[in-house]
Every structure is written in structure tokens, then in C-alpha cells.
file upload.cif (mmCIF, C-alpha atoms and all ligand atoms)
data_my_file
loop_
_atom_site.label_atom_id
_atom_site.label_comp_id
_atom_site.auth_asym_id
_atom_site.auth_seq_id
_atom_site.Cartn_x
_atom_site.Cartn_y
_atom_site.Cartn_z
CA MET R 339 -25.46 -46.40 -65.76
CA SER R 340 -26.13 -50.12 -65.91
CA ASN R 341 -26.79 -51.61 -69.32
CA ARG R 342 -29.02 -54.65 -68.99
CA ILE R 343 -28.70 -55.71 -72.63
CA ALA R 344 -24.98 -55.19 -72.96
CA GLU R 345 -24.64 -56.66 -76.42
CA PHE R 346 -26.57 -53.78 -77.93
CA ALA R 347 -23.72 -51.49 -76.97
CA SER R 348 -21.42 -53.12 -79.46
CA THR R 349 -23.71 -54.07 -82.35
CA ALA R 350 -26.19 -51.49 -83.55
CA ALA R 351 -28.96 -53.37 -85.38
CA PRO R 352 -29.57 -51.75 -88.76
CA ALA R 353 -32.88 -49.97 -89.29
CA ARG R 354 -35.38 -51.39 -91.76
CA ALA R 355 -34.15 -50.38 -95.22
CA SER R 356 -37.33 -48.97 -96.74
CA LEU R 357 -41.03 -48.50 -96.22
CA ARG R 358 -43.51 -47.56 -98.96
CA GLY R 359 -40.76 -46.16 -101.13
CA LEU R 360 -39.15 -44.19 -98.28
CA HIS R 361 -35.56 -45.06 -97.46
CA ALA R 362 -34.38 -45.39 -93.88
CA ASP R 363 -31.27 -43.29 -94.51
CA GLU R 364 -33.15 -40.34 -95.98
CA ILE R 365 -35.74 -40.36 -93.19
CA ARG R 366 -33.09 -40.66 -90.52
CA ALA R 367 -31.30 -37.66 -92.03
CA LEU R 368 -34.49 -35.62 -91.56
CA GLN R 369 -34.54 -36.13 -87.79
CA ALA R 370 -32.50 -33.25 -86.42
CA ALA R 371 -31.45 -34.80 -83.10
CA PRO R 372 -31.56 -37.98 -81.07
CA LEU R 373 -34.94 -38.03 -79.36
CA PHE R 374 -36.23 -39.16 -75.99
CA SER R 375 -39.62 -39.34 -74.39
CA VAL R 376 -40.75 -39.81 -70.80
CA GLN R 377 -43.73 -42.10 -70.76
CA GLY R 378 -44.51 -42.41 -67.08
CA PHE R 379 -43.41 -42.83 -63.52
CA SER R 380 -44.47 -44.94 -60.59
CA LEU R 381 -43.69 -45.22 -56.91
CA GLN R 382 -43.27 -48.60 -55.28
CA GLY R 383 -41.30 -50.04 -52.40
CA GLY R 384 -39.26 -46.89 -51.81
CA GLU R 385 -38.30 -46.64 -55.46
CA LEU R 386 -39.43 -43.95 -57.91
CA THR R 387 -39.31 -45.46 -61.39
CA ILE R 388 -39.31 -43.25 -64.48
CA THR R 389 -39.81 -44.96 -67.83
CA GLY R 390 -39.51 -43.81 -71.41
CA LEU R 391 -37.50 -44.21 -74.57
CA ILE R 392 -34.19 -42.87 -75.79
CA LEU R 393 -33.10 -43.07 -79.41
CA ALA R 394 -29.34 -43.30 -79.10
CA PRO R 395 -27.07 -41.50 -81.60
CA ASP R 396 -26.46 -44.01 -84.40
CA GLY R 397 -28.42 -46.52 -82.34
CA ASP R 398 -25.45 -46.92 -79.99
CA PRO R 399 -26.51 -46.96 -76.32
CA ALA R 400 -22.90 -46.33 -75.28
CA ALA R 401 -23.41 -42.82 -76.72
CA VAL R 402 -26.04 -42.09 -74.04
CA SER R 403 -25.60 -41.34 -70.35
CA LEU R 404 -27.81 -39.88 -67.65
CA SER R 405 -26.93 -37.57 -64.78
CA ALA R 406 -28.83 -36.24 -61.77
CA GLU R 407 -28.41 -33.43 -59.28
CA PRO R 408 -26.23 -34.11 -56.22
CA GLY R 409 -27.86 -36.27 -53.56
CA VAL R 410 -30.07 -38.27 -55.92
CA VAL R 411 -29.22 -41.97 -55.77
CA PHE R 412 -30.29 -43.68 -58.95
CA ALA R 413 -29.65 -46.48 -61.42
CA VAL R 414 -30.64 -46.86 -65.06
CA ASP R 415 -31.62 -49.93 -67.04
CA TYR R 416 -31.00 -49.20 -70.70
CA PRO R 417 -31.44 -50.32 -73.39
CA LEU R 418 -34.52 -52.50 -72.91
CA ALA R 419 -36.76 -54.02 -75.56
CA ASN R 420 -39.27 -51.61 -77.12
CA PRO R 421 -41.16 -53.22 -80.02
CA THR R 422 -43.58 -50.27 -80.44
CA ALA R 423 -40.74 -47.80 -80.88
CA GLY R 424 -39.18 -50.24 -83.32
CA GLN R 425 -42.25 -49.74 -85.55
CA VAL R 426 -42.66 -46.00 -85.11
CA PHE R 427 -38.94 -45.25 -85.52
CA TRP R 428 -38.47 -47.92 -88.20
CA TYR R 429 -35.69 -45.79 -89.73
CA TRP R 430 -33.60 -45.45 -86.55
CA PRO R 431 -31.08 -48.19 -85.69
CA ASN R 432 -31.88 -50.14 -82.54
CA ALA R 433 -35.17 -48.31 -81.93
CA GLY R 434 -36.58 -51.72 -80.98
CA ALA R 435 -34.30 -51.62 -77.92
CA SER R 436 -34.80 -48.01 -76.87
CA ALA R 437 -36.72 -48.29 -73.59
CA PHE R 438 -35.17 -47.06 -70.39
CA ARG R 439 -36.06 -47.45 -66.73
CA LEU R 440 -34.58 -44.94 -64.30
CA ARG R 441 -34.84 -46.01 -60.66
CA VAL R 442 -34.43 -43.50 -57.83
CA ASP R 443 -33.63 -45.01 -54.43
CA LEU R 444 -35.73 -42.69 -52.29
CA ALA R 445 -34.46 -44.07 -48.97
CA ALA R 446 -30.88 -43.21 -49.85
CA THR R 447 -31.66 -39.95 -51.67
CA ARG R 448 -31.02 -36.57 -49.99
CA HIS R 449 -32.14 -33.84 -52.35
CA GLU R 450 -33.95 -30.63 -51.49
CA GLY R 451 -35.31 -29.26 -54.75
CA GLU R 452 -39.01 -29.22 -55.62
CA ASP R 453 -38.50 -31.73 -58.39
CA PHE R 454 -36.15 -34.44 -59.52
CA ARG R 455 -34.18 -33.33 -62.58
CA PHE R 456 -32.15 -35.64 -64.74
CA ARG R 457 -30.22 -34.94 -67.90
CA ILE R 458 -29.74 -37.17 -70.86
CA HIS R 459 -26.33 -36.67 -72.47
CA PHE R 460 -26.03 -37.60 -76.13
CA ALA R 461 -22.46 -38.00 -77.39
CA GLY R 462 -21.65 -35.66 -80.25
CA ARG R 463 -24.29 -33.07 -79.36
CA PRO R 464 -23.36 -29.52 -78.33
CA ASP R 465 -23.25 -29.07 -74.56
CA ASP R 466 -25.07 -25.73 -74.57
CA VAL R 467 -28.04 -24.29 -72.76
CA ALA R 468 -30.51 -25.25 -75.50
CA GLU R 469 -29.40 -28.88 -75.37
CA ARG R 470 -29.59 -28.82 -71.57
CA LEU R 471 -33.17 -27.57 -71.71
CA ARG R 472 -34.09 -30.00 -74.47
CA THR R 473 -32.80 -33.05 -72.63
CA THR R 474 -33.97 -32.38 -69.08
CA ILE R 475 -36.32 -34.89 -67.45
CA LEU R 476 -38.28 -33.39 -64.61
CA VAL R 477 -40.61 -35.08 -62.11
CA PRO R 478 -42.31 -32.96 -59.44
CA LYS R 479 -42.02 -34.28 -55.89
CA ASP R 480 -45.25 -32.71 -54.67
CA LEU R 481 -48.07 -35.26 -54.94
CA GLY R 482 -50.52 -32.36 -55.02
CA GLN R 483 -49.39 -31.69 -58.58
CA MET R 484 -50.61 -35.09 -59.63
CA GLN R 485 -54.24 -34.59 -58.76
CA ASN R 486 -57.06 -32.65 -60.38
CA PHE R 487 -57.01 -33.62 -64.09
CA PRO R 488 -59.84 -34.13 -66.60
CA GLY R 489 -60.69 -37.64 -67.84
CA ALA R 490 -58.76 -39.68 -70.39
CA ALA R 491 -60.71 -38.44 -73.46
CA ALA R 492 -59.99 -34.79 -72.62
CA LEU R 493 -56.35 -35.56 -71.87
CA SER R 494 -55.79 -37.36 -75.16
CA ARG R 495 -57.29 -34.51 -77.24
CA VAL R 496 -54.30 -32.37 -76.35
CA HIS R 497 -51.56 -34.89 -75.89
CA ARG R 498 -50.81 -38.34 -77.19
CA PHE R 499 -50.57 -39.81 -73.72
CA HIS R 500 -53.61 -39.90 -71.52
CA THR R 501 -52.72 -40.81 -67.98
CA ILE R 502 -51.63 -38.53 -65.20
CA ASN R 503 -48.27 -40.23 -64.88
CA ASN R 504 -47.56 -39.48 -68.56
CA VAL R 505 -48.88 -35.95 -68.46
CA VAL R 506 -47.28 -34.65 -65.25
CA PRO R 507 -43.57 -35.17 -66.04
CA GLN R 508 -43.93 -34.06 -69.66
CA ALA R 509 -46.02 -31.01 -68.86
CA SER R 510 -43.87 -29.85 -65.95
CA ALA R 511 -40.73 -30.19 -68.08
CA ASP R 512 -42.47 -28.29 -70.90
CA ALA R 513 -43.34 -25.46 -68.48
CA PHE R 514 -39.72 -25.30 -67.30
CA ARG R 515 -38.53 -25.14 -70.93
CA ILE R 516 -41.00 -22.39 -71.80
CA VAL R 517 -39.96 -20.14 -68.92
CA GLU R 518 -36.24 -20.73 -69.35
CA ILE R 519 -36.23 -20.19 -73.11
CA ALA R 520 -38.35 -17.05 -72.80
CA ARG R 521 -35.96 -15.76 -70.12
CA LEU R 522 -33.03 -16.51 -72.40
CA HIS R 523 -34.61 -14.26 -75.02
CA GLY R 524 -35.35 -11.30 -72.77
CA PHE R 525 -38.69 -12.09 -71.07
CA ASP R 526 -38.80 -11.18 -67.38
CA PRO R 527 -40.69 -14.01 -65.62
CA GLN R 528 -41.09 -11.82 -62.53
CA ALA R 529 -43.10 -9.19 -64.34
CA GLY R 530 -44.62 -10.17 -67.65
CA ALA R 531 -48.12 -11.56 -68.22
CA VAL R 532 -48.24 -14.91 -70.02
CA LEU R 533 -50.78 -16.42 -72.41
CA ASP R 534 -50.89 -20.15 -73.19
CA TRP R 535 -52.49 -19.98 -76.63
CA GLY R 536 -54.20 -23.32 -77.36
CA THR R 537 -53.90 -24.35 -73.72
CA GLY R 538 -56.16 -27.44 -73.97
CA HIS R 539 -57.03 -28.25 -70.34
CA GLY R 540 -54.17 -26.09 -69.07
CA ARG R 541 -51.64 -28.95 -69.28
CA VAL R 542 -48.60 -26.65 -69.30
CA ILE R 543 -49.74 -23.31 -67.86
CA ARG R 544 -50.74 -25.04 -64.61
CA PHE R 545 -47.02 -25.71 -63.98
CA LEU R 546 -45.81 -22.22 -64.92
CA ARG R 547 -45.71 -20.80 -61.38
CA GLN R 548 -43.41 -23.61 -60.19
CA ALA R 549 -41.33 -22.98 -63.31
CA GLY R 550 -40.79 -19.39 -62.14
CA ALA R 551 -43.43 -17.21 -63.85
CA ALA R 552 -44.74 -14.67 -61.35
CA GLY R 553 -46.92 -12.47 -63.61
CA ALA R 554 -50.59 -12.90 -64.57
CA LEU R 555 -51.31 -16.26 -66.24
CA HIS R 556 -53.93 -16.75 -68.98
CA GLY R 557 -55.00 -19.66 -71.14
CA THR R 558 -57.29 -19.81 -74.15
CA ASP R 559 -58.56 -22.59 -76.40
CA ILE R 560 -61.23 -23.24 -79.02
CA ASP R 561 -62.15 -26.52 -77.27
CA PRO R 562 -65.08 -25.50 -75.06
CA ASP R 563 -65.04 -28.64 -72.90
CA ASN R 564 -61.39 -28.47 -71.97
CA ILE R 565 -61.48 -24.73 -71.34
CA ALA R 566 -64.56 -25.10 -69.12
CA TRP R 567 -62.77 -27.81 -67.15
CA ALA R 568 -59.64 -25.68 -66.77
CA ALA R 569 -61.63 -22.59 -65.72
CA SER R 570 -63.43 -24.48 -62.97
CA HIS R 571 -60.48 -26.58 -61.72
CA LEU R 572 -57.33 -24.49 -61.97
CA PRO R 573 -57.53 -21.41 -59.74
CA GLY R 574 -55.18 -18.49 -60.25
CA ILE R 575 -55.18 -18.76 -64.03
CA ALA R 576 -57.64 -16.80 -66.22
CA PHE R 577 -59.08 -19.09 -68.91
CA ALA R 578 -61.17 -17.91 -71.87
CA HIS R 579 -62.88 -19.84 -74.64
CA GLY R 580 -61.44 -18.48 -77.90
CA PRO R 581 -62.69 -18.03 -81.47
CA LEU R 582 -61.46 -20.02 -84.47
CA MET R 583 -60.37 -16.77 -86.10
CA PRO R 584 -59.16 -13.50 -84.54
CA PRO R 585 -59.82 -11.23 -82.79
CA SER R 586 -59.29 -12.75 -79.36
CA VAL R 587 -60.64 -11.14 -76.22
CA TYR R 588 -57.21 -9.80 -75.23
CA GLY R 589 -56.04 -6.21 -75.30
CA ASP R 590 -53.30 -4.61 -77.39
CA GLY R 591 -49.88 -5.30 -75.85
CA GLN R 592 -51.33 -7.28 -72.93
CA PHE R 593 -48.66 -10.01 -72.78
CA GLY R 594 -44.92 -10.24 -72.35
CA LEU R 595 -44.99 -13.88 -73.46
CA VAL R 596 -47.37 -15.92 -75.58
CA PHE R 597 -46.65 -19.59 -76.13
CA GLY R 598 -48.41 -22.13 -78.31
CA ILE R 599 -47.29 -25.76 -78.08
CA SER R 600 -48.61 -27.79 -81.02
CA VAL R 601 -51.17 -25.21 -82.12
CA MET R 602 -49.69 -23.85 -85.36
CA THR R 603 -49.16 -27.51 -86.20
CA HIS R 604 -52.94 -27.83 -86.62
CA LEU R 605 -53.73 -24.68 -88.61
CA ALA R 606 -53.86 -24.19 -92.37
CA PRO R 607 -51.34 -21.62 -93.67
CA ALA R 608 -53.91 -18.81 -94.14
CA VAL R 609 -55.18 -19.35 -90.59
CA GLN R 610 -51.62 -19.30 -89.26
CA GLN R 611 -51.14 -15.90 -90.90
CA ALA R 612 -54.27 -14.48 -89.31
CA TRP R 613 -53.18 -15.66 -85.85
CA LEU R 614 -49.64 -14.32 -86.24
CA VAL R 615 -51.15 -10.88 -86.84
CA GLU R 616 -53.26 -11.31 -83.70
CA LEU R 617 -50.37 -12.55 -81.54
CA ASP R 618 -48.38 -9.54 -82.69
CA ARG R 619 -51.24 -7.28 -81.60
CA ILE R 620 -51.60 -8.74 -78.09
CA LEU R 621 -47.84 -8.82 -77.36
CA ALA R 622 -46.18 -5.88 -75.65
CA PRO R 623 -43.25 -4.26 -77.49
CA GLY R 624 -40.25 -6.57 -77.07
CA GLY R 625 -42.61 -9.42 -76.14
CA ILE R 626 -41.79 -13.02 -77.02
CA ALA R 627 -43.87 -15.62 -78.83
CA LEU R 628 -42.80 -19.26 -78.54
CA LEU R 629 -44.51 -21.41 -81.17
CA THR R 630 -43.87 -25.01 -82.12
CA PHE R 631 -44.02 -26.31 -85.68
CA THR R 632 -43.92 -29.78 -87.14
CA GLY R 633 -41.01 -29.89 -89.59
CA ASP R 634 -38.50 -32.47 -90.75
CA SER R 635 -38.24 -34.37 -87.46
CA ALA R 636 -42.02 -34.63 -87.27
CA VAL R 637 -42.05 -35.94 -90.83
CA ALA R 638 -39.55 -38.60 -89.78
CA TYR R 639 -41.66 -39.43 -86.73
CA SER R 640 -44.81 -39.79 -88.89
CA SER R 641 -43.05 -41.52 -91.76
CA GLN R 642 -44.64 -44.89 -91.04
CA PHE R 643 -47.87 -43.33 -92.38
CA LEU R 644 -46.37 -41.40 -95.32
CA ASP R 645 -45.55 -42.39 -98.88
CA ARG R 646 -43.08 -41.35 -101.58
CA ALA R 647 -45.44 -38.92 -103.31
CA TRP R 648 -46.22 -37.08 -100.05
CA LEU R 649 -42.54 -36.80 -99.12
CA ASP R 650 -41.45 -35.62 -102.56
CA ASP R 651 -44.14 -32.95 -102.47
CA TYR R 652 -43.06 -31.83 -98.95
CA LEU R 653 -39.39 -31.69 -99.91
CA ALA R 654 -40.13 -29.74 -103.09
CA LYS R 655 -42.51 -27.20 -101.55
CA GLY R 656 -41.31 -26.98 -97.93
CA VAL R 657 -44.85 -27.74 -96.79
CA GLY R 658 -46.70 -31.03 -96.91
CA ARG R 659 -50.25 -31.72 -98.06
CA ASP R 660 -52.17 -31.26 -94.81
CA VAL R 661 -54.93 -33.57 -93.65
CA PRO R 662 -58.01 -33.02 -91.47
CA ASN R 663 -57.67 -33.98 -87.81
CA LYS R 664 -60.93 -35.21 -86.25
CA ASP R 665 -59.93 -34.76 -82.58
CA LEU R 666 -62.22 -31.73 -82.20
CA ALA R 667 -65.18 -33.20 -84.14
CA GLY R 668 -68.42 -32.01 -82.60
CA LEU R 669 -66.59 -29.47 -80.42
CA ILE R 670 -65.90 -26.73 -82.98
CA PRO R 671 -68.26 -25.47 -85.70
CA ASP R 672 -65.96 -25.98 -88.71
CA SER R 673 -64.98 -29.61 -89.32
CA ASN R 674 -62.21 -28.55 -91.75
CA TYR R 675 -60.49 -26.13 -89.40
CA TYR R 676 -58.36 -28.48 -87.30
CA ARG R 677 -55.66 -30.11 -89.42
CA ASN R 678 -52.28 -31.83 -89.26
CA VAL R 679 -49.81 -29.49 -90.94
CA LYS R 680 -46.14 -30.13 -91.65
CA GLN R 681 -43.80 -27.40 -92.85
CA THR R 682 -40.02 -27.21 -92.84
CA ALA R 683 -38.36 -24.94 -90.30
CA GLU R 684 -37.39 -22.68 -93.21
CA THR R 685 -41.02 -22.40 -94.30
CA ALA R 686 -42.10 -21.71 -90.72
CA ARG R 687 -39.39 -19.07 -90.47
CA ALA R 688 -40.56 -17.38 -93.67
CA VAL R 689 -44.19 -17.44 -92.52
CA CYS R 690 -43.34 -15.88 -89.14
CA ALA R 691 -40.77 -13.39 -90.47
CA ARG R 692 -43.60 -11.46 -92.13
CA HIS R 693 -44.74 -10.47 -88.64
CA PHE R 694 -41.88 -10.94 -86.16
CA ALA R 695 -38.14 -10.89 -85.79
CA ILE R 696 -36.92 -14.48 -85.64
CA GLU R 697 -34.79 -14.82 -82.53
CA ALA R 698 -34.01 -18.53 -82.79
CA ILE R 699 -35.13 -21.90 -84.08
CA TYR R 700 -34.58 -24.85 -81.74
CA PRO R 701 -35.08 -28.16 -83.55
CA CYS R 702 -36.72 -30.95 -81.51
CA MET R 703 -37.10 -28.74 -78.43
CA PHE R 704 -40.50 -30.27 -77.65
CA GLY R 705 -40.10 -33.91 -78.66
CA TYR R 706 -40.07 -34.04 -82.43
CA GLN R 707 -41.52 -30.50 -82.71
CA ASP R 708 -39.32 -27.51 -83.54
CA LEU R 709 -39.60 -24.29 -81.55
CA LEU R 710 -39.51 -20.83 -83.12
CA VAL R 711 -38.69 -17.91 -80.85
CA LEU R 712 -40.27 -14.72 -82.18
CA LYS R 713 -39.82 -11.20 -80.92
CA LYS R 714 -42.20 -8.33 -81.42
CA GLY R 715 -41.02 -4.97 -82.53
CA ARG R 716 -38.00 -5.56 -84.71
CA ARG R 717 -39.71 -6.38 -87.96
CA ARG R 718 -37.64 -6.18 -91.11
CA GLN R 719 -38.32 -2.91 -92.91
CA ARG R 720 -39.94 -3.29 -96.29
CA ARG R 721 -37.76 -1.81 -99.01
CA ALA R 722 -39.35 1.14 -100.72
CA ARG R 723 -40.21 0.23 -104.30
CA PRO R 724 -38.15 2.09 -106.88
CA ALA R 725 -40.26 4.77 -108.52
C1 LIG C 801 -52.30 -30.70 -79.73
S1 LIG C 801 -53.26 -29.70 -78.69
C2 LIG C 801 -51.99 -29.00 -77.62
C3 LIG C 801 -52.58 -28.38 -76.40
C4 LIG C 801 -51.59 -27.69 -75.46
N1 LIG C 801 -50.90 -26.61 -76.12
C5 LIG C 801 -50.61 -28.67 -74.89
O1 LIG C 801 -49.43 -28.64 -75.27
O2 LIG C 801 -51.03 -29.48 -74.06
C6 LIG C 801 -53.68 -28.31 -79.70
C7 LIG C 801 -54.66 -27.39 -79.00
O3 LIG C 801 -54.79 -26.18 -79.78
C8 LIG C 801 -56.14 -25.78 -79.71
N2 LIG C 801 -56.35 -24.79 -80.80
C9 LIG C 801 -56.31 -25.00 -82.12
N3 LIG C 801 -56.50 -23.84 -82.79
C10 LIG C 801 -56.65 -22.88 -81.86
C11 LIG C 801 -56.88 -21.47 -81.92
N4 LIG C 801 -57.00 -20.81 -83.07
N5 LIG C 801 -56.97 -20.79 -80.76
C12 LIG C 801 -56.85 -21.43 -79.56
N6 LIG C 801 -56.67 -22.76 -79.45
C13 LIG C 801 -56.55 -23.48 -80.58
C14 LIG C 801 -56.89 -27.09 -79.79
O4 LIG C 801 -58.21 -27.01 -79.37
C15 LIG C 801 -56.04 -27.97 -78.88
O5 LIG C 801 -56.45 -27.90 -77.55
#
call {"tool": "encode", "arguments": {"input": "upload.cif", "output": "C-alpha cells", "more": "lines below"}}
Ligand SMILES: C[S@@+](CC[C@H](N)C(=O)[O-])C[C@H]1O[C@@H](n2cnc3c(N)ncnc32)[C@H](O)[C@@H]1O
result
Amino acid sequence: MSNRIAEFASTAAPARASLRGLHADEIRALQAAPLFSVQGFSLQGGELTITGLILAPDGDPAAVSLSAEPGVVFAVDYPLANPTAGQVFWYWPNAGASAFRLRVDLAATRHEGEDFRFRIHFAGRPDDVAERLRTTILVPKDLGQMQNFPGAAALSRVHRFHTINNVVPQASADAFRIVEIARLHGFDPQAGAVLDWGTGHGRVIRFLRQAGAAGALHGTDIDPDNIAWAASHLPGIAFAHGPLMPPSVYGDGQFGLVFGISVMTHLAPAVQQAWLVELDRILAPGGIALLTFTGDSAVAYSSQFLDRAWLDDYLAKGVGRDVPNKDLAGLIPDSNYYRNVKQTAETARAVCARHFAIEAIYPCMFGYQDLLVLKKGRRRQRRARPA
């Protein structure tokens, strides 16, 4: 790949030393893996350009490379200046020069797949299937997949970015990850019914067919506007407006796979418990639940807004003081329901282990969010109390 700012390869600029009593080294140690984000793509003059950011291991761009499938002719400009990332990732060396631009020469490219797939390779990371899934960039080739979205306000309620060229590559890659990880843990995409719990406007479930899921597809959300939009615009998927608290409308054992991306991350611990019981009920024996949680890496990502007292409390208890999130104000009846919740992966594991067997925890599988893979039906037996 071509490095436009070559000097960054040899001298990693140190991160800012401290912020509101937080130290760069301790925050950096919380982030489980080097991160990346795809922020958009555009098509001009025979070139497909994909932009985003990559936080290089130790801030060293030489520790990053990109690869593509055979036939794809491309070049990469990296690292490029990125002042916004420099503020957000204040603790990460060289975050201020973390932008990348990946240019595909469409005239020279001969590639037959339905999407362009690239991989980011981070030196020092395991080269296993989880890392491959985590670091895949995917851009659909079919322009039809880039039409038919709700407006910017609806988009930004479910996802930080709010344009179609942000949403499409991220959502299609998320769908690919969901299907592949579920398959890895025993879900049969040819047969099982799938529920996107907390679907928003169907951001991810709309890409599940292309990702290989052939069974019935369902989506539910407490946001009545987004679910109404999804129900009237996305044929072939059954959408239902859901309640704040169980029960849902679904039957016992109806699904082989339930996934919830950034849903548990907004629910108070007691509400999480109630929904875990419900997800257990609607999963078939052996069914898989894929749920994301905001743990240490999310704390690092949000650290520009946190202070010493909050962090000490989080580290001591394994769960941070949660705060109300106003994104659903006026859309749901309880203004205290929707929250921003951070809990360590160990806390999330303990919470879920009361209801499910924990198959795996994948840190930073969805950006800075950790993924827990839960399986129904192999719950730990409670020890009989001694008489
Ligand atoms: C951050 S958004 C993520 C949306 C979607 N999963 C995605 O990745 O695009 C969280 C979503 O969870 C929904 N939500 C929160 N609690 C819920 C619940 N108990 N049942 C269903 N949806 C819920 C919210 O309305 C919101 O659409």
C-alpha cells in the first residue's frame, strides 16, 4: 500500500498524556484491539473510493496492511490527517493521522463476487477466523442496495452515522459477521428463523439474505417510527413493534438465531435480565443469541467524556454508572428506559451465564463493542443446597 505521509511510519507521535485525571496509558490498555471504521464510499471517474480510519497498533502505520480478493485493483493512501479522531482517540498514538482512503480502479478490476471485500491486517494480532471477520470491509456492488432508506433523523437514532454511504458498508459487513459467527457456533443459515432484536429501521437484517440466511427473517423494535418505516419499505422481512418489557409477540422456541447489536448497551441491568429470560424462551433448543455489550473498549472510546471518579467506580464494580439517553424521547412512554450502559465483558458474561451457556466473547467484534455468543440449552446446573 502507498503511504502518503511516510514520516509517520517511523515516528509514532505520543498520545496526549492525560485528560480529566485519566491517563493515556491506562485508557489505551483498556482498548482490546486496534480499531478501524468505514465512514463512507463514493464513485467518481471510474474509481470507487472507500474512506475511514484505522488505529494502527502502537500508532505505527507500518503495522497495518490491506488485502483484497483476486482481480481487485486497488491502492491505499494511509495514514492521512484525521483531527477528529485525534480528539476522540486522544489516548492512542498517532490517532490524528489515522484516516485512510482505499481506491479501487474499476476499469482494471475483474472480480465476480456480489461485493468488494477487503481485509485489514494488524501486525501482532492472531490470524484466526474471528480476526478475519472482525477486520473485513465489505461494500456491496449492487446499487439497488443503496436505495430505500429512512431520513437522516431516523438513521442517526440507530447508528452514529447518518448517510447511506456510511450505513450501507457498515450494515452489510455487520450482516456478514452475524451470519458467519452464528454459523461458526452451530446455527444453520439455510434453515433457522432469525430475529433482529432492536432492529431500528432494519439496518442489518435487510442485508441478511445476501449474507446467506435463507430462513424466515423478523425484526422488532420499541421505536414505533422506525419499525413502521421498515414494515412498509422492506418486503420479505416480518417487522413488529415491541414492548419495553417482555413478553414479546413471538412463540416459544421460534428462532434459531436472535441477534441484538447495541441493544443491551442501552438497558438497565434489571431490564437486561428480563430480556435474557425472554430471549431464552423464544430461542429453539441449541439456538444462538448474539448480543453486543459496551465494555472496556467502549469505555476507552468514550473516555473523552469520562472522569476519574466514573472510571474508578467502573473498574471497582465492573459496571459503570449509567446515564439516560434521549434518542428515543417522545417515541417511548418511559423517558428513563433508554440508557447508556457500560459493563466489563466479565460482568456481561456473569449476567448472561444465569440464562445461557457462554460460547464465546469476541472483543471489539462490532467496532468498539464486544460480542457475546450465547447458546440455549446448556445452562449450568445449580448445585443442590446441602441439607
Ligand atoms: C443503537 S440502536 C441499534 C439498532 C440496530 N440494532 C442497529 O445495529 O442498527 C438500539 C436500538 O434498540 C432498540 N431497543 C432498545 N430496547 C429495546 C427492546 N427492549 N426491544 C426492542 N428494541 C429495543 C432501540 O429503539 C434502538 O432502535
call {"tool": "residues_near_ligand", "arguments": {"input": "upload.cif", "ligand": "ligand LIG 801 (chain C)", "cutoff": "9 Å", "atoms": "all atoms listed in the file", "output": "PyMOL selection string"}}
result
chain R and resi 493-498+505+509+512+534-543+557-562+564-565+579-584+586+597-605+609-610+613+665-666+669-670+675-677
call {"tool": "closest_residue", "arguments": {"input": "upload.cif", "among": "R:Arg455, R:Leu476, R:Thr632, R:Arg366", "to": "Ser405 in chain R", "atoms": "all atoms listed in the file"}}
result
R:Arg455
call {"tool": "atom_distance", "arguments": {"input": "upload.cif", "atom1": "CA of Val689 in chain R", "atom2": "CA of Leu629 in chain R"}}
result
12.0 Å
call {"tool": "closest_residue", "arguments": {"input": "upload.cif", "among": "R:Gly715, R:Gly705, R:Gly589, R:Pro507", "to": "Ala371 in chain R", "atoms": "all atoms listed in the file"}}
result
R:Gly705
call {"tool": "residues_around", "arguments": {"input": "upload.cif", "residues": "Gln528 in chain R", "least_positions_apart": "4", "cutoff": "8 Å", "atoms": "all atoms listed in the file", "output": "list in words"}}
result
Gly550, Ala551, Ala552 and Gly553 of chain R
call {"tool": "residues_around", "arguments": {"input": "upload.cif", "residues": "His523 in chain R", "least_positions_apart": "5", "cutoff": "10 Å", "atoms": "only C-alpha atoms", "output": "number ranges by chain"}}
result
R: 518, 624-626, 697-698, 711-713
call {"tool": "closest_residue", "arguments": {"input": "upload.cif", "among": "R:Gln611, R:Ser640, R:Asn504, R:Thr389", "to": "His693 in chain R", "atoms": "only C-alpha atoms"}}
result
R:Gln611
